[in-house]
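Participant: Following this line is data_16.cif, made up of mmCIF, C-alpha atoms:
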data_start
#
loop_
_atom_site.label_atom_id
_atom_site.label_comp_id
_atom_site.auth_asym_id
_atom_site.auth_seq_id
_atom_site.Cartn_x
_atom_site.Cartn_y
_atom_site.Cartn_z
CA MET Y 878 0.00 0.00 0.00
CA LYS Y 879 1.27 3.47 -0.83
CA ALA Y 880 2.35 5.70 2.03
CA ILE Y 881 -0.41 8.20 2.70
CA SER Y 882 2.05 11.10 3.03
CA SER Y 883 3.19 10.59 -0.53
CA ILE Y 884 -0.25 10.90 -2.15
CA LYS Y 885 0.43 14.34 -3.51
CA GLU Y 886 4.07 13.81 -4.39
CA ALA Y 887 3.41 10.57 -6.20
CA LYS Y 888 0.53 12.11 -8.16
CA ILE Y 889 -1.65 9.11 -7.64
CA SER Y 890 -4.56 9.11 -10.08
CA ASP Y 891 -8.12 9.56 -8.85
CA GLU Y 892 -9.01 6.04 -9.87
CA GLU Y 893 -6.09 4.66 -7.91
CA LEU Y 894 -7.13 6.69 -4.86
CA VAL Y 895 -10.64 5.25 -5.12
CA HIS Y 896 -9.17 1.76 -5.31
CA LEU Y 897 -6.95 2.42 -2.27
CA TYR Y 898 -9.88 3.85 -0.33
CA LYS Y 899 -12.07 0.86 -1.11
CA GLU Y 900 -9.28 -1.47 -0.04
CA SER Y 901 -8.25 0.23 3.19
CA GLN Y 902 -11.20 2.48 4.11
CA ASN Y 903 -8.56 5.02 5.12
CA THR Y 904 -10.24 8.41 5.30
CA GLN Y 905 -7.15 10.24 4.05
CA TYR Y 906 -7.61 8.87 0.55
CA PHE Y 907 -11.13 10.24 0.41
CA GLU Y 908 -9.95 13.52 1.90
CA GLU Y 909 -7.50 13.86 -0.97
CA LEU Y 910 -10.30 13.21 -3.50
CA TYR Y 911 -12.35 15.91 -1.77
CA LYS Y 912 -9.46 18.37 -2.00
CA ARG Y 913 -8.97 17.66 -5.69
CA HIS Y 914 -12.59 17.98 -6.77
CA SER Y 915 -14.56 20.04 -4.25
CA ASN Y 916 -13.75 23.38 -5.93
CA LYS Y 917 -15.01 22.26 -9.33
CA VAL Y 918 -18.09 20.63 -7.81
CA PHE Y 919 -18.78 23.83 -5.88
CA GLY Y 920 -18.32 25.91 -9.04
CA LYS Y 921 -20.81 23.80 -10.97
CA CYS Y 922 -23.33 23.90 -8.11
CA LEU Y 923 -22.98 27.66 -7.79
CA SER Y 924 -23.34 28.10 -11.53
CA ILE Y 925 -26.60 26.12 -11.62
CA LEU Y 926 -28.13 26.90 -8.22
CA LYS Y 927 -26.97 30.55 -8.14
CA ASP Y 928 -26.85 30.60 -4.35
CA THR Y 929 -23.69 30.21 -2.24
CA GLU Y 930 -25.44 28.63 0.73
CA LEU Y 931 -27.29 26.14 -1.45
CA ALA Y 932 -24.05 25.36 -3.29
CA ASN Y 933 -22.26 24.64 0.01
CA ASP Y 934 -25.06 22.31 1.13
CA ALA Y 935 -24.94 20.67 -2.29
CA VAL Y 936 -21.18 20.02 -2.05
CA GLN Y 937 -21.68 18.36 1.32
CA GLU Y 938 -24.53 16.15 0.14
CA ILE Y 939 -22.86 15.28 -3.17
CA PHE Y 940 -19.68 14.08 -1.44
CA ILE Y 941 -21.67 12.03 1.07
CA LYS Y 942 -23.49 10.52 -1.93
CA ILE Y 943 -20.15 9.77 -3.58
CA LEU Y 944 -18.98 8.09 -0.40
CA LEU Y 945 -22.09 5.96 -0.12
CA ASN Y 946 -21.94 4.94 -3.79
CA MET Y 947 -18.20 4.42 -4.02
CA SER Y 948 -18.67 0.67 -4.46
CA LYS Y 949 -20.77 1.37 -7.58
CA PHE Y 950 -17.92 3.19 -9.31
CA LYS Y 951 -16.71 0.62 -11.81
CA GLU Y 952 -13.65 2.48 -13.08
CA ALA Y 953 -15.00 2.13 -16.63
CA SER Y 954 -15.25 5.91 -16.85
CA LYS Y 955 -13.09 8.63 -15.34
CA PHE Y 956 -13.74 9.39 -11.69
CA SER Y 957 -14.18 13.08 -12.49
CA THR Y 958 -16.89 12.29 -15.08
CA TRP Y 959 -18.64 10.12 -12.51
CA ILE Y 960 -18.69 12.79 -9.80
CA TYR Y 961 -19.75 15.52 -12.23
CA SER Y 962 -22.65 13.28 -13.28
CA ILE Y 963 -23.71 13.05 -9.64
CA THR Y 964 -23.29 16.83 -9.32
CA TYR Y 965 -25.47 17.69 -12.34
CA ASN Y 966 -28.06 15.15 -11.29
CA TYR Y 967 -28.23 16.61 -7.79
CA CYS Y 968 -28.39 20.23 -9.02
CA ILE Y 969 -31.10 19.58 -11.63
CA ASP Y 970 -33.16 17.72 -9.01
CA THR Y 971 -32.72 20.56 -6.53
CA VAL Y 972 -33.86 23.20 -9.02
CA ARG Y 973 -36.82 21.01 -10.00
CA ARG Y 974 -37.84 20.60 -6.36
CA ARG Y 975 -37.42 24.27 -5.42
CA LYS Y 976 -38.97 25.87 -8.47
CA LYS Y 977 -41.72 23.55 -9.53
CA ASN Y 978 -43.07 25.84 -12.24
CA THR Y 979 -39.74 26.73 -13.77
CA LEU Y 980 -39.08 25.65 -17.34
CA MET Y 981 -36.12 23.28 -17.09
CA PHE Y 982 -35.45 22.58 -20.77
CA SER Y 983 -36.37 24.47 -23.94
CA GLY Y 984 -39.09 22.64 -25.82
CA ASP Y 985 -40.60 21.09 -22.68
CA ASP Y 986 -43.48 23.57 -23.02
CA GLU Y 987 -43.56 23.31 -26.85
CA SER Y 988 -42.82 27.06 -27.05
CA LEU Y 989 -39.65 26.56 -29.06
CA GLU Y 990 -40.35 25.83 -32.68
CA ASP Y 991 -38.35 22.95 -34.01
CA VAL Y 992 -35.99 24.60 -36.45
CA ALA Y 993 -34.66 22.23 -39.05
CA ASP Y 994 -31.15 23.63 -39.31
CA GLU Y 995 -28.61 22.43 -36.82
CA VAL Y 996 -26.63 24.98 -34.79
CA GLU Y 997 -22.97 24.22 -35.36
CA ASP Y 998 -20.74 23.58 -32.33
CA SER Y 999 -18.33 26.21 -33.62
CA GLN Y 1000 -21.07 28.86 -33.40
CA ILE Y 1001 -21.41 28.13 -29.70
CA LEU Y 1002 -17.73 27.69 -28.97
CA GLU Y 1003 -16.69 30.91 -30.73
CA THR Y 1004 -18.82 33.02 -28.39
CA SER Y 1005 -16.63 35.24 -26.22
CA ILE Y 1006 -16.36 34.38 -22.53
CA SER Y 1007 -18.20 37.51 -21.37
CA ARG Y 1008 -21.11 36.87 -23.75
CA LEU Y 1009 -21.13 33.18 -22.90
CA LYS Y 1010 -21.58 34.09 -19.25
CA VAL Y 1011 -24.54 36.36 -20.03
CA ILE Y 1012 -26.27 33.89 -22.33
CA LEU Y 1013 -25.83 30.91 -20.02
CA ASN Y 1014 -27.57 32.88 -17.29
CA LYS Y 1015 -30.51 33.68 -19.57
CA ILE Y 1016 -31.33 30.24 -20.93
CA PRO Y 1017 -33.33 27.65 -18.91
CA VAL Y 1018 -31.25 25.93 -16.23
CA GLY Y 1019 -31.57 22.48 -17.84
CA ASP Y 1020 -30.27 23.85 -21.14
CA LYS Y 1021 -27.37 25.45 -19.31
CA ALA Y 1022 -26.56 22.18 -17.53
CA ILE Y 1023 -26.73 20.12 -20.71
CA LEU Y 1024 -24.43 22.57 -22.57
CA MET Y 1025 -22.00 22.52 -19.63
CA MET Y 1026 -21.98 18.73 -19.65
CA LYS Y 1027 -21.29 18.67 -23.40
CA TYR Y 1028 -18.81 21.52 -23.81
CA GLN Y 1029 -17.28 22.06 -20.37
CA ASP Y 1030 -16.89 18.46 -19.26
CA SER Y 1031 -16.87 16.78 -22.68
CA MET Y 1032 -19.33 14.17 -21.45
CA SER Y 1033 -20.56 11.60 -23.95
CA ILE Y 1034 -24.22 11.35 -24.99
CA LYS Y 1035 -24.35 8.08 -23.05
CA ASP Y 1036 -23.10 9.77 -19.85
CA ILE Y 1037 -25.55 12.66 -20.26
CA SER Y 1038 -28.42 10.26 -20.84
CA ALA Y 1039 -27.50 8.49 -17.59
CA VAL Y 1040 -27.54 11.82 -15.70
CA LEU Y 1041 -30.90 12.89 -17.10
CA ASP Y 1042 -32.36 9.38 -17.11
CA LYS Y 1043 -33.43 9.82 -20.74
CA SER Y 1044 -32.77 7.86 -23.91
CA GLU Y 1045 -29.82 8.87 -26.06
CA SER Y 1046 -32.12 10.15 -28.82
CA ALA Y 1047 -34.02 12.29 -26.26
CA VAL Y 1048 -30.70 13.73 -25.08
CA LYS Y 1049 -29.66 14.54 -28.67
CA MET Y 1050 -32.96 16.39 -29.10
CA LYS Y 1051 -32.44 18.30 -25.83
CA ILE Y 1052 -28.93 19.31 -26.91
CA LYS Y 1053 -30.27 20.47 -30.27
CA ARG Y 1054 -32.96 22.57 -28.59
CA ALA Y 1055 -30.52 23.99 -26.04
CA LYS Y 1056 -28.24 25.10 -28.87
CA GLN Y 1057 -31.19 26.68 -30.69
CA LYS Y 1058 -32.19 28.51 -27.52
CA PHE Y 1059 -28.59 29.65 -27.10
CA ARG Y 1060 -28.59 31.11 -30.61
CA LEU Y 1061 -31.98 32.74 -30.06
CA VAL Y 1062 -30.88 34.44 -26.83
CA TYR Y 1063 -27.62 35.45 -28.48
CA GLY Y 1064 -29.56 37.08 -31.30
CA ASP Y 1065 -31.82 38.91 -28.86
CA ASN Y 1066 -28.88 40.33 -26.90
CA TYR Y 1067 -26.23 40.94 -29.51
CA SER Y 1068 -27.20 42.23 -32.91
CA ASP Y 1069 -23.79 41.80 -34.62
CA MET G 832 -6.45 23.35 -25.54
CA ARG G 833 -9.36 24.67 -23.53
CA ASN G 834 -12.54 25.92 -25.16
CA ASN G 835 -14.50 28.97 -24.02
CA PHE G 836 -16.75 26.98 -21.71
CA GLN G 837 -13.72 25.59 -19.91
CA GLU G 838 -12.09 29.05 -19.81
CA LEU G 839 -15.25 30.45 -18.27
CA GLU G 840 -15.21 27.73 -15.63
CA GLU G 841 -11.55 28.48 -14.84
CA GLN G 842 -12.34 32.17 -14.55
CA GLU G 843 -15.24 31.52 -12.19
CA LEU G 844 -13.13 29.13 -10.11
CA ARG G 845 -10.41 31.75 -9.73
CA GLN G 846 -12.99 34.27 -8.51
CA SER G 847 -14.73 31.85 -6.16
CA ARG G 848 -13.47 31.07 -2.67
CA GLY G 849 -14.47 27.45 -3.01
CA PRO G 850 -16.74 25.55 -0.65
CA SER G 851 -16.91 26.67 2.98
CA THR G 852 -15.02 24.90 5.75
CA GLY G 853 -18.48 23.93 7.05
CA ALA G 854 -19.01 21.80 3.95
CA TYR G 855 -15.59 20.18 4.45
CA LYS G 856 -16.30 19.48 8.12
CA GLY G 857 -19.74 18.12 7.23
CA VAL G 858 -18.31 15.67 4.71
CA MET G 859 -15.49 14.52 6.99
CA GLY G 860 -17.88 14.21 9.95
CA GLY G 861 -20.29 12.20 7.83
CA MET G 862 -17.47 9.94 6.71
CA ARG G 863 -16.29 9.31 10.29
CA SER G 864 -19.83 8.60 11.47
CA MET G 865 -20.32 6.12 8.65
CA LYS G 866 -17.04 4.43 9.50
CA PHE G 867 -18.06 4.24 13.18
CA VAL G 868 -21.50 2.80 12.40
CA GLY G 869 -19.91 0.36 9.93
CA GLY G 870 -17.44 -0.73 12.62
CA MET G 871 -20.28 -1.25 15.08
CA PHE G 872 -22.14 -3.41 12.59
CA ASP G 873 -19.03 -5.43 11.86
CA HIS G 874 -18.52 -5.99 15.57
CA PHE G 875 -22.03 -6.65 16.77
CA ILE G 876 -23.87 -8.27 13.87
CA PRO G 877 -21.93 -11.58 14.06
CA LYS G 878 -22.51 -11.67 17.84
CA LEU G 879 -26.21 -10.92 17.39
CA PHE G 880 -26.45 -13.61 14.74
CA GLN G 881 -24.71 -16.09 17.04
CA PHE G 882 -27.11 -15.15 19.82
CA PHE G 883 -30.13 -15.96 17.63
CA VAL G 884 -28.56 -19.23 16.53
CA THR G 885 -28.05 -20.19 20.16
CA VAL G 886 -31.59 -19.15 21.14
CA LEU G 887 -33.04 -21.16 18.28
CA GLY G 888 -31.28 -24.28 19.45
CA GLY G 889 -28.02 -24.19 17.60
CA SER G 890 -24.67 -24.08 19.26
CA LYS G 891 -21.32 -22.55 18.62
CA LYS G 892 -19.64 -25.79 17.61
CA SER G 893 -21.12 -27.61 14.71
CA GLN G 894 -21.51 -31.25 15.72
CA THR G 895 -22.15 -34.09 13.40
CA THR G 896 -24.98 -36.13 14.78
CA ARG G 897 -24.61 -39.76 14.14
CA ILE G 898 -28.06 -41.24 13.76
CA SER G 899 -27.14 -44.87 13.51
CA HIS G 900 -24.19 -47.09 13.07
CA HIS G 901 -25.59 -48.94 10.11
CA LEU G 902 -23.17 -49.65 7.40
CA SER G 903 -23.78 -47.95 4.23
CA ASP G 904 -23.78 -50.18 1.16
CA ASP G 905 -21.26 -48.06 -0.58
CA GLU G 906 -18.89 -47.84 2.35
CA PRO G 907 -15.71 -49.83 1.63
CA LEU G 908 -15.24 -52.89 3.83
CA GLN G 909 -11.71 -52.08 4.87
CA SER G 910 -12.95 -49.00 6.63
CA LEU G 911 -14.81 -51.14 9.16
CA ASP G 912 -11.76 -51.62 11.28
CA SER G 913 -11.18 -47.99 11.51
CA ARG G 914 -14.62 -47.43 13.02
CA ARG G 915 -13.86 -47.47 16.70
CA ASP G 916 -17.44 -47.34 17.84
CA TYR G 917 -18.78 -50.03 15.52
CA PRO G 918 -21.24 -51.81 17.81
CA ASN G 919 -20.28 -55.44 16.98
CA ARG G 920 -16.61 -54.80 17.12
CA GLN G 921 -14.76 -57.14 19.47
#
Please rewrite the model in this file as structure tokens.

Facilitator:
Amino acid sequence: MKAISSIKEAKISDEELVHLYKESQNTQYFEELYKRHSNKVFGKCLSILKDTELANDAVQEIFIKILLNMSKFKEASKFSTWIYSITYNYCIDTVRRRKKNTLMFSGDDESLEDVADEVEDSQILETSISRLKVILNKIPVGDKAILMMKYQDSMSIKDISAVLDKSESAVKMKIKRAKQKFRLVYGDNYSD
Amino acid sequence: MRNNFQELEEQELRQSRGPSTGAYKGVMGGMRSMKFVGGMFDHFIPKLFQFFVTVLGGSKKSQTTRISHHLSDDEPLQSLDSRRDYPNRQ
């Protein structure tokens, strides 16, 4: 077993830390995982929940969830992808519970007309950071989360479908609509 | 190379102070409690199980109850001598 003091120096991978934690139940391995990922998890929670206190509660509950489900992590995917899936799932559920009448995804209320032409990824990715920030705060929270999963965390359609508990074709449709909404809001805010 | 979404995340992370120490303490406290409860289960469940076994008529040592000393047809003859408690043994 690796000496606990050398975790940082040895740059042990997340997956290896999970393995060591499962084997020894030594809390220091989990503590290291918390230190590595809590900032990003907090950032995602804050970005979706838009409330510092809620984001702090979310971090706590998400890591307890990770701890309880550690045995289910099969090491088939990256550990970071797995915990971000749990994070998005938790945040979307929280928003759904707190704001029951909020529109989560574009198209859920049939208000968005299905436009035939596909919005290219490059159109989204070429948006400047300042504009991106504005637009992401104006589109429905589910659309924001799905675009973050796709472009920020490079999650596969399969991973996103597991988070949202939807079929892969339903996820593709949601991504398409989120991109359309993004373009619509962009057009409304920036005329160039 | 990072795309604009990832750059935005980096920017927000730099501006944020990260989760509070309360969140950290909550997680670590939760983990220790779980470990404690798990330890308790590991310690007491086998004893509790043993208690029920005893109450229901079992015992700690598993004993083989010999019902009879009849020879089984498929038991080899040479093994007769080795059976100390064979009833007709001289």

Participant: Check which residues satisfy the PyMOL selection byres ((chain G) within 10 of (chain Y)) in the file shown, then give them as a VMD selection string.

Facilitator: chain G and resid 833 to 863 865 to 866

Participant: CA of Leu926 (chain Y) and CA of Lys976 (chain Y), how far apart in Å?

Facilitator: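 CA of Leu926 (chain Y) lies at a distance of 10.9 Å from CA of Lys976 (chain Y).
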
Participant: Just the number, please: distance in Å from CA of Arg973 (chain Y) to CA of Ile1023 (chain Y), one decimal.

Facilitator: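 Separation between CA of Arg973 (chain Y) and CA of Ile1023 (chain Y): 14.7 Å.
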
Participant: Which value, in Å to one decimal, gives the distance between CA of Lys1043 (chain Y) and CA of Gly1019 (chain Y)?

Facilitator: 13.1 Å

Participant: Find the residue from Y:Ile943, Y:Val996, Y:Ile889, Y:Cys922 that sits nearest to Phe1059 (chain Y); use only C-alpha atoms when measuring.

Facilitator: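 Among Y:Ile943, Y:Val996, Y:Ile889, Y:Cys922, it is Y:Val996 that comes nearest to Phe1059 (chain Y).
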
Participant: Can you tell me, as a PyMOL selection string, what residues are no more than 12 Å from Ala1022 (chain Y) when counting only C-alpha atoms, ignoring any on the same chain fewer than 4 positions away?

Facilitator: (chain Y and resi 921-926+961-962+964-970+972+981-983+1013-1014+1016-1018+1026-1030+1032+1037+1040-1041+1051-1052+1055-1056) or (chain G and resi 836)

Participant: Tell me, as a ChimeraX atom specification, which residues lie within 10 Å of Lys1035 (chain Y), counting all atoms listed in the file; anything in the same chain fewer than 4 positions away does not count.

Facilitator: /Y:1039-1040,1043-1046,1048
